[in-house]
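Asker: Quick one: structure below, then a few questions.
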Amino acid sequence: MPCSCAELHPKGCWTRVTTWTEAQVVTLAPDAGSLAAGRALAAPRHWVSLGTDADALWGMCQGSGKNPYQTQIDLTEPAFKCSCPSRKFPCKHALGLFLAYVATPAAFAATAPPAWVVEWRAGRARRAETKANAAEEQAEKPVDLAAQAKRAARREDNVQAGLQELALRLHDLLRNGLAQPECQTYAYWNDIAARMVDAQAPGLARLLRALPGTLAAGDDRYARALHKVAGLHLLIEGFSRLDTLPPGLREEIRALIGWTAKGEELLQGDGVRDCWLVTGRRVDEEDRLITQRTWLFGLTTGQPALVLAFAPPGQPLDVSLPPGLLLDAELVYYPGNLPLRAVVKTRTPVTAPTAPPTGLPDLAALYAAYGAALARNPWLEAFPAQLAGVICYPRGAGWVLHDAAGAAVPVHPRCSWGWHLLAHTGGHPGWLMGEWDGYAFLPLACWAEGEVINFG
Amino acid sequence: MADLTTAWDGVTNTAIAGIARQEPPALVADDAVGRLCANLTTGEKAARLLNTAGVLGLCRLAGALPTPDAATPPPPAPPDTQPPCSAAAARLLQRALETPPLAPLLPEWIALATHHGQRVPPALLPAVLGAITKSAELRAAFLPVLGARGRWLAHLNPAWQAGAVPEGDAERQAAWETGTKAERLAALRAQRALDPAVARAWLEEVRASEPLDALTAFIEVLGVCLGLADEGLLEAFLDDKRKTVRRPAAELLARLPDTAFARRMTERARQWVTVTPEQPASLFPPRRKQPLAVTVTLPAAYDPAWARDGIEETPPQGIGVKGWWLQQLIAGTLLACWENAGQCSSAALVTAIGELDDRDTLLRGWLSATKRQRRDDWLLALLRHGAPARVQPDAAAILADMRPEARERVLLGLCAPDVTQGRAAIPALLQACDHPWSEALSRAVIGLRIDAGQYTLYENLARHLHPTCLTACRQKWQSQSGDISDWFKDRILKILDFRTEIHPAFGENP
């Protein structure tokens with residue numbers, strides 16, 4: 001099975017993660033059903049044979065078929081392969097094999113890999129090489145610069161026209177007021193969003209689709225909606241005078257409207273080499289697309305990074321960055337004034353951290369850091385924050401985050417894992433990672449029992 | 001600008017109403033933000049309002065300070081003294097919580113965790129606390145393995161408190177005095193298990209004032225830790241003029257030996273039933289050997305005094321009226337009194353009534369007495385020597401009330417090689433045995449032939465067999481085909497597999 005991220009890393013720089021934890025393996029599961037089935041296979045007696053060498057695990061599992069399934073895991077990524085017909089990835093056998101390994105590593109005989117393991121490994125190396133060669137060829141291929149420029153110019157015009165139309169719609173909206181009934185409906189905003197897709201501005205379409213949700217709930221829904229609408233208008237204004245803006249801000253505006261740099265092109269450039277900790281992860285469905293947001297934190301630079309992965313519902317997501325993993329990696333940021341989104345250029349999993357990562361001391365520091373981030377990117381949607389010494393506890397119908405200084409902020413209503421978080425922290429102040437949008441905090445991971453535990 | 005919040009609120013209000021209806025607020029340009037807003041003069045009115053809102057909204061967020069919290073967070077969880085269970089045990093618990101066919105195996109997991117002094121790991125606490133709101137037994141069983149963290153967490157979520165019984169004495173008393181009927185019942189039951197005398201005193205206090213339906217339920221609670229000390233209160237209930245109060249009280253009195261009630265009942269029953277012991281043959285006076293004899297005469301009339309002891313005058317449909325009276329009298333009589341009178345065992349007595357006309361009346365009476373007095377030897381005797389059609393339908397329910405050792409004595413008695421009658425009851429009786437089976441019982445039943453379609457029996461075996469017999473059972477079922485569907489086979493093998501894994505997960509070798 002091809003690894004969805006194989007093309008991103010040149011081969012040859014991998015070594016083995018010394019300790020995988022059960023919590024990390026659990027985050028690899030594509031869904032709860034696969035995980036439950038995987039747990040059922042985690043006892044070594046379900047396996048006809050189990051083996052390991054420096055980089056891989058393998059095992060044969062007697063399933064309902066005539067021959068045992070051949071399951072294997074390349075620990076360097078991790079990457080999975082199984083001869084079972086399941087379309088889940090990783091399948092229950094791979095999860096079971098991995099869980100068996102973290103629970104009872106002694107059950108795995110250290111031997112030379114069997115032929116089917118060697119074959120897969122060779123195949124993967126070959127594919128990675130072909131890919132690299134293809135990329136090189138691609139780079140060498142003469143590009144029709146004139147045609148490219150023409151296409152780019154046409155898109156600029158398209159977007160310009162779309163933005164003008166959007167400005168008119170927004171002015172209309174303000175003339176009649178946010179309370180008018182028609183703008184409370186999804187149809188109203190989807191209609192404008194569809195127009196923005198036609199105008200080749202998919203980023204704006206995404207922002208517009210989120211508006212009816214903002215208008216639907218909360219005491220301050222109009223204030224928040226106005227903030228978002230005004231943000232859109234600032235984007236339009238910004239785009240109309242793009243030439244006068246500093247290059248970083250220019251990139252932010254273009255990225256928000258929908259021009260995204262190509263990951264492959266970014267990988268040609270230099271990245272930031274650091275010890276990166278995968279601090280948290282969130283998966284949600286947006287417009288029939290599963291989006292996985294993985295937050296990383298550079299231990300030396302103190303910089304956060306966001307790695308996005310997309311998949312249609314039911315399809316496997318990238319599993320190479322389980323929360324709690326510590327990597328020696330080179331990340332290349334997308335250009336911008338406040339670089340957050342990044343791609344992984346090279347990576348070597350190191351180990352799991354043994355002490356909680358650092359964090360902002362209190363909520364006042366969070367507000368200050370957020371203010372500074374807004375100054376660099378006024379359209380910032382989610383500010384990644386690590387907080388030390390906060391308590392998350394239930395109050396009324398919702399949850400709040402309380403710091404040592406006695407201040408509190410509300411927890412985002414989409415946080416449905418409050419009780420799990422509280423079970424892990426026991427109400428003791430501790431390290432928490434999450435996203436802050438200026439109104440509410442969405443906790444994604446905490447530090448408990450000596451490891452990072454992810455919830456999103 | 002005097003106040004950012006006022007300015008933002010003014011702009012928001014205009015935006016809500018629309019500038020067609022409401023003029024945008026005038027902003028004072030006396031600081032940086034004010035001057036910036038004052039410079040936004042290009043474009044039409046709506047554009048200016050939107051740009052102003054953009055500036056103010058951003059300034060508001062960027063300059064915000066956290067609000068002090070008036071409330072204090074709850075005190076943190078106390079430290080846990082029990083270690084968490086192993087990762088393998090946690091996986092098994094999670095499977096049992098998430099997979100309905102494995103849910104009945106939770107008690108086995110809990111028993112092992114309790115035995116080893118381990119607790120549920122934090123990650124599974126929300127699922128466990130959610131599960132125990134649905135069953136009082138599960139709640140009571142899980143309580144010792146929740147750990148300090150789990151008990152702390154449970155108190156923070158009102159949804160998890162459903163069905164919880166207060167742990168402190170004062171709280172329990174408060175629940176009894178002011179709670180709803182269900183809460184009072186739970187408090188009484190908990191108190192009864194902890195301190196039977198206090199619970200009895202509670203009930204004594206409210207005896208006269210309690211409404212009928214609640215009182216009936218409360219009396220039944222006395223069945224927990226029933227003892228001779230309860231006789232006085234139960235006798236007092238017999239003086240109640242309501243039948244629904246007298247009946248449960250009489251039912252409980254019949255379970256106690258050596259009470260005034262037992263003496264009254266015994267005296268009555270012996271007027272109508274006579275047991276003559278076996279007499280050996282003798283030469284002088286010349287007499288042949290007389291076998292054990294039971295003679296029955298039916299009472300001629302209903303004695304109104306019987307009503308106090310819960311004996312009803314009108315029989316259910318299909319039972320003769322006089323036989324019905326006698327049957328109830330026998331049901332209230334101590335079984336030991338017949339054994340003493342006949343100087344013989346229960347088996348001999350049940351065999352001796354084989355030819356009697358009123359055999360059914362006696363059997364029904366004895367069966368009720370067996371149920372109340374929980375006598376496993378009598379149940380075995382009735383199954384082996386009584387009329388199967390009369391005894392078997394009630395046998396499982398009677399067995400379910402008994403303690404595990406007593407249940408096993410009955411079943412092992414039926415599995416003995418010399419048994420001719422009563423074996424047919426074994427499947428039904430096994431259904432009533434929801435305790436972990438001993439190795440002896442497991443070995444005895446594993447060899448039984450299970451009729452096609454006895455699906456619940458297969459499942460019962462899979463759930464309760466002794467851990468040492470699981471492998472043998474798996475081998476037998478694995479190779480078996482035809483009697484059960486593949487789907488069901490998969491299900492029961494999963495149960496066996498789960499149970500095979502559970503002991504090693506707690507570091508035990510079955």
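Starting from 1 in every chain, residues are counted up; chains themselves are A, B, ... following the order of the structure tokens, and ligands are numbered from 1 as listed.
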Could you give me, as a PyMOL selection string, the residues within 12 Å of Ala389 in chain B, counting only C-alpha atoms and dropping anything in the same chain fewer than 6 positions from it?

Answerer: chain B and resi 360+363-364+382-383+395+421-422+424-425

Asker: Name all residues at most 10 Å from Val332 in chain A (count only C-alpha atoms; drop same-chain ones fewer than 3 positions away) and give them as a list in words.

Answerer: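 In the requested format, the answer is Gly263, Leu266, Leu267, Gln268, Gly269, Asp270, Gly271, Val272, Arg273, Ala305, Ala329, Pro335, Pro339, Leu340, Arg341, Ala342, Val343, Val344, Lys345 and Thr346 of chain A.
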
Asker: Using only C-alpha atoms, which of B:Tyr455, B:Trp109, B:Trp152, B:Trp272 sits nearest chain A?

Answerer: B:Trp152

Asker: Taking the chain letters and numbering used in this document, name the residues of range 392-452 of chain A that DSSP puts in strand (DSSP E), as an mmCIF file with N, CA and C atoms, in the first residue's frame.

Answerer:
```
data_model
loop_
_atom_site.group_PDB
_atom_site.id
_atom_site.type_symbol
_atom_site.label_atom_id
_atom_site.label_comp_id
_atom_site.auth_asym_id
_atom_site.auth_seq_id
_atom_site.Cartn_x
_atom_site.Cartn_y
_atom_site.Cartn_z
ATOM 1 N N CYS A 392 -8.767 22.856 33.135
ATOM 2 C CA CYS A 392 -9.963 22.882 32.306
ATOM 3 C C CYS A 392 -11.046 22.181 33.112
ATOM 4 N N TYR A 393 -12.144 22.873 33.382
ATOM 5 C CA TYR A 393 -13.194 22.233 34.195
ATOM 6 C C TYR A 393 -14.584 22.672 33.746
ATOM 7 N N PRO A 394 -15.601 21.871 34.062
ATOM 8 C CA PRO A 394 -16.947 22.181 33.583
ATOM 9 C C PRO A 394 -17.584 23.288 34.406
ATOM 10 N N ARG A 395 -18.319 24.163 33.728
ATOM 11 C CA ARG A 395 -19.100 25.172 34.434
ATOM 12 C C ARG A 395 -20.393 25.396 33.652
ATOM 13 N N GLY A 398 -21.148 24.519 29.805
ATOM 14 C CA GLY A 398 -19.914 24.407 29.036
ATOM 15 C C GLY A 398 -18.705 24.156 29.911
ATOM 16 N N TRP A 399 -17.551 24.511 29.373
ATOM 17 C CA TRP A 399 -16.282 24.299 30.062
ATOM 18 C C TRP A 399 -15.501 25.603 30.075
ATOM 19 N N VAL A 400 -14.633 25.781 31.043
ATOM 20 C CA VAL A 400 -13.761 26.945 31.060
ATOM 21 C C VAL A 400 -12.324 26.510 31.317
ATOM 22 N N LEU A 401 -11.433 27.421 30.926
ATOM 23 C CA LEU A 401 -10.010 27.219 31.154
ATOM 24 C C LEU A 401 -9.576 28.243 32.192
ATOM 25 N N HIS A 402 -8.961 27.786 33.250
ATOM 26 C CA HIS A 402 -8.658 28.643 34.384
ATOM 27 C C HIS A 402 -7.149 28.627 34.594
ATOM 28 N N ALA A 407 -7.551 33.982 36.103
ATOM 29 C CA ALA A 407 -8.343 34.415 34.956
ATOM 30 C C ALA A 407 -8.938 33.188 34.272
ATOM 31 N N ALA A 408 -9.979 33.424 33.477
ATOM 32 C CA ALA A 408 -10.610 32.296 32.795
ATOM 33 C C ALA A 408 -11.051 32.680 31.403
ATOM 34 N N VAL A 409 -11.035 31.714 30.489
ATOM 35 C CA VAL A 409 -11.598 31.902 29.152
ATOM 36 C C VAL A 409 -12.524 30.709 28.870
ATOM 37 N N PRO A 410 -13.541 30.951 28.028
ATOM 38 C CA PRO A 410 -14.424 29.812 27.721
ATOM 39 C C PRO A 410 -13.726 28.782 26.826
ATOM 40 N N GLY A 430 -1.917 21.943 34.550
ATOM 41 C CA GLY A 430 -0.904 21.263 33.745
ATOM 42 C C GLY A 430 -0.809 21.833 32.344
ATOM 43 N N TRP A 431 -0.038 21.149 31.535
ATOM 44 C CA TRP A 431 0.234 21.579 30.163
ATOM 45 C C TRP A 431 -0.935 21.211 29.260
ATOM 46 N N LEU A 432 -1.300 22.170 28.427
ATOM 47 C CA LEU A 432 -2.422 21.954 27.525
ATOM 48 C C LEU A 432 -2.070 22.588 26.186
ATOM 49 N N MET A 433 -2.418 21.925 25.081
ATOM 50 C CA MET A 433 -2.195 22.519 23.766
ATOM 51 C C MET A 433 -3.541 22.675 23.092
ATOM 52 N N GLY A 434 -3.729 23.796 22.415
ATOM 53 C CA GLY A 434 -4.999 23.978 21.728
ATOM 54 C C GLY A 434 -4.972 25.159 20.782
ATOM 55 N N GLU A 435 -6.152 25.450 20.224
ATOM 56 C CA GLU A 435 -6.269 26.558 19.281
ATOM 57 C C GLU A 435 -7.104 27.658 19.923
ATOM 58 N N TRP A 436 -6.643 28.881 19.784
ATOM 59 C CA TRP A 436 -7.331 30.045 20.355
ATOM 60 C C TRP A 436 -7.776 30.925 19.208
ATOM 61 N N PHE A 441 -11.164 28.828 23.566
ATOM 62 C CA PHE A 441 -9.993 27.956 23.431
ATOM 63 C C PHE A 441 -10.469 26.544 23.131
ATOM 64 N N LEU A 442 -9.875 25.935 22.124
ATOM 65 C CA LEU A 442 -10.219 24.557 21.807
ATOM 66 C C LEU A 442 -9.040 23.667 22.210
ATOM 67 N N PRO A 443 -9.124 22.983 23.365
ATOM 68 C CA PRO A 443 -8.001 22.135 23.772
ATOM 69 C C PRO A 443 -7.889 20.922 22.856
ATOM 70 N N LEU A 444 -6.672 20.612 22.440
ATOM 71 C CA LEU A 444 -6.468 19.458 21.556
ATOM 72 C C LEU A 444 -5.668 18.359 22.235
ATOM 73 N N ALA A 445 -4.783 18.719 23.137
ATOM 74 C CA ALA A 445 -3.949 17.692 23.761
ATOM 75 C C ALA A 445 -3.541 18.153 25.152
ATOM 76 N N CYS A 446 -3.258 17.189 26.003
ATOM 77 C CA CYS A 446 -2.759 17.530 27.334
ATOM 78 C C CYS A 446 -1.570 16.625 27.650
ATOM 79 N N TRP A 447 -0.879 16.967 28.724
ATOM 80 C CA TRP A 447 0.219 16.133 29.188
ATOM 81 C C TRP A 447 -0.257 15.400 30.434
ATOM 82 N N ALA A 448 -0.273 14.084 30.390
ATOM 83 C CA ALA A 448 -0.705 13.322 31.564
ATOM 84 C C ALA A 448 -0.040 11.964 31.534
ATOM 85 N N GLU A 451 2.985 11.468 29.114
ATOM 86 C CA GLU A 451 2.969 11.518 27.654
ATOM 87 C C GLU A 451 1.943 12.537 27.170
ATOM 88 N N VAL A 452 2.054 12.872 25.875
ATOM 89 C CA VAL A 452 1.076 13.765 25.265
ATOM 90 C C VAL A 452 -0.147 12.943 24.912
#
```

Asker: Find the residues near Arg209 in chain A: any atom within 9 Å, counting only C-alpha atoms, skip ones fewer than 2 places away on the same chain, and give them as a ChimeraX atom specification.

Answerer: /A:186,189-190,192-193,204-207,211-213,287

Asker: I need the chosen residues saved as a CSV table (one decimal), in the first residue's frame, with C-alpha atoms.

Answerer:
```csv
chain,number,residue,atom,x,y,z
A,186,TYR,CA,-27.1,28.6,4.5
A,189,TRP,CA,-24.0,32.3,1.9
A,190,ASN,CA,-23.5,29.2,-0.2
A,192,ILE,CA,-22.0,33.8,-2.6
A,193,ALA,CA,-19.5,31.0,-1.9
A,204,LEU,CA,-12.9,33.1,0.3
A,205,ALA,CA,-15.6,30.5,-0.5
A,206,ARG,CA,-14.4,28.6,2.6
A,207,LEU,CA,-14.6,31.6,4.8
A,211,LEU,CA,-20.6,32.4,8.3
A,212,PRO,CA,-24.1,30.9,8.7
A,213,GLY,CA,-22.7,28.8,11.5
A,287,ASP,CA,-17.4,20.6,2.6
```

Asker: Tell me which of B:Gly365, B:Pro467, B:Pro75, B:Pro291 sits closest to Ile330 in chain B, counting only C-alpha atoms.

Answerer: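 For Ile330 in chain B, the nearest of the given residues is B:Gly365.
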
Asker: For each of A:Ala147, A:Ala440, A:Arg250, A:Gly59, take the minimum atom-to-atom distance to Pro413 in chain A, counting only C-alpha atoms, then give the residue where this is smallest.

Answerer: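 For Pro413 in chain A, the nearest of the given residues is A:Ala440.
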
Asker: Neighbours of Gly51 in chain A within 8 Å (only C-alpha atoms; same-chain residues fewer than 5 positions away dropped), as a PyMOL selection string?

Answerer: chain A and resi 57-59+108-111+113

Asker: Work out how far CA of Asp451 in chain B is from CA of Cys469 in chain B, in Å to one decimal.

Answerer: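 Separation of CA of Cys469 in chain B and CA of Asp451 in chain B: 20.4 Å.
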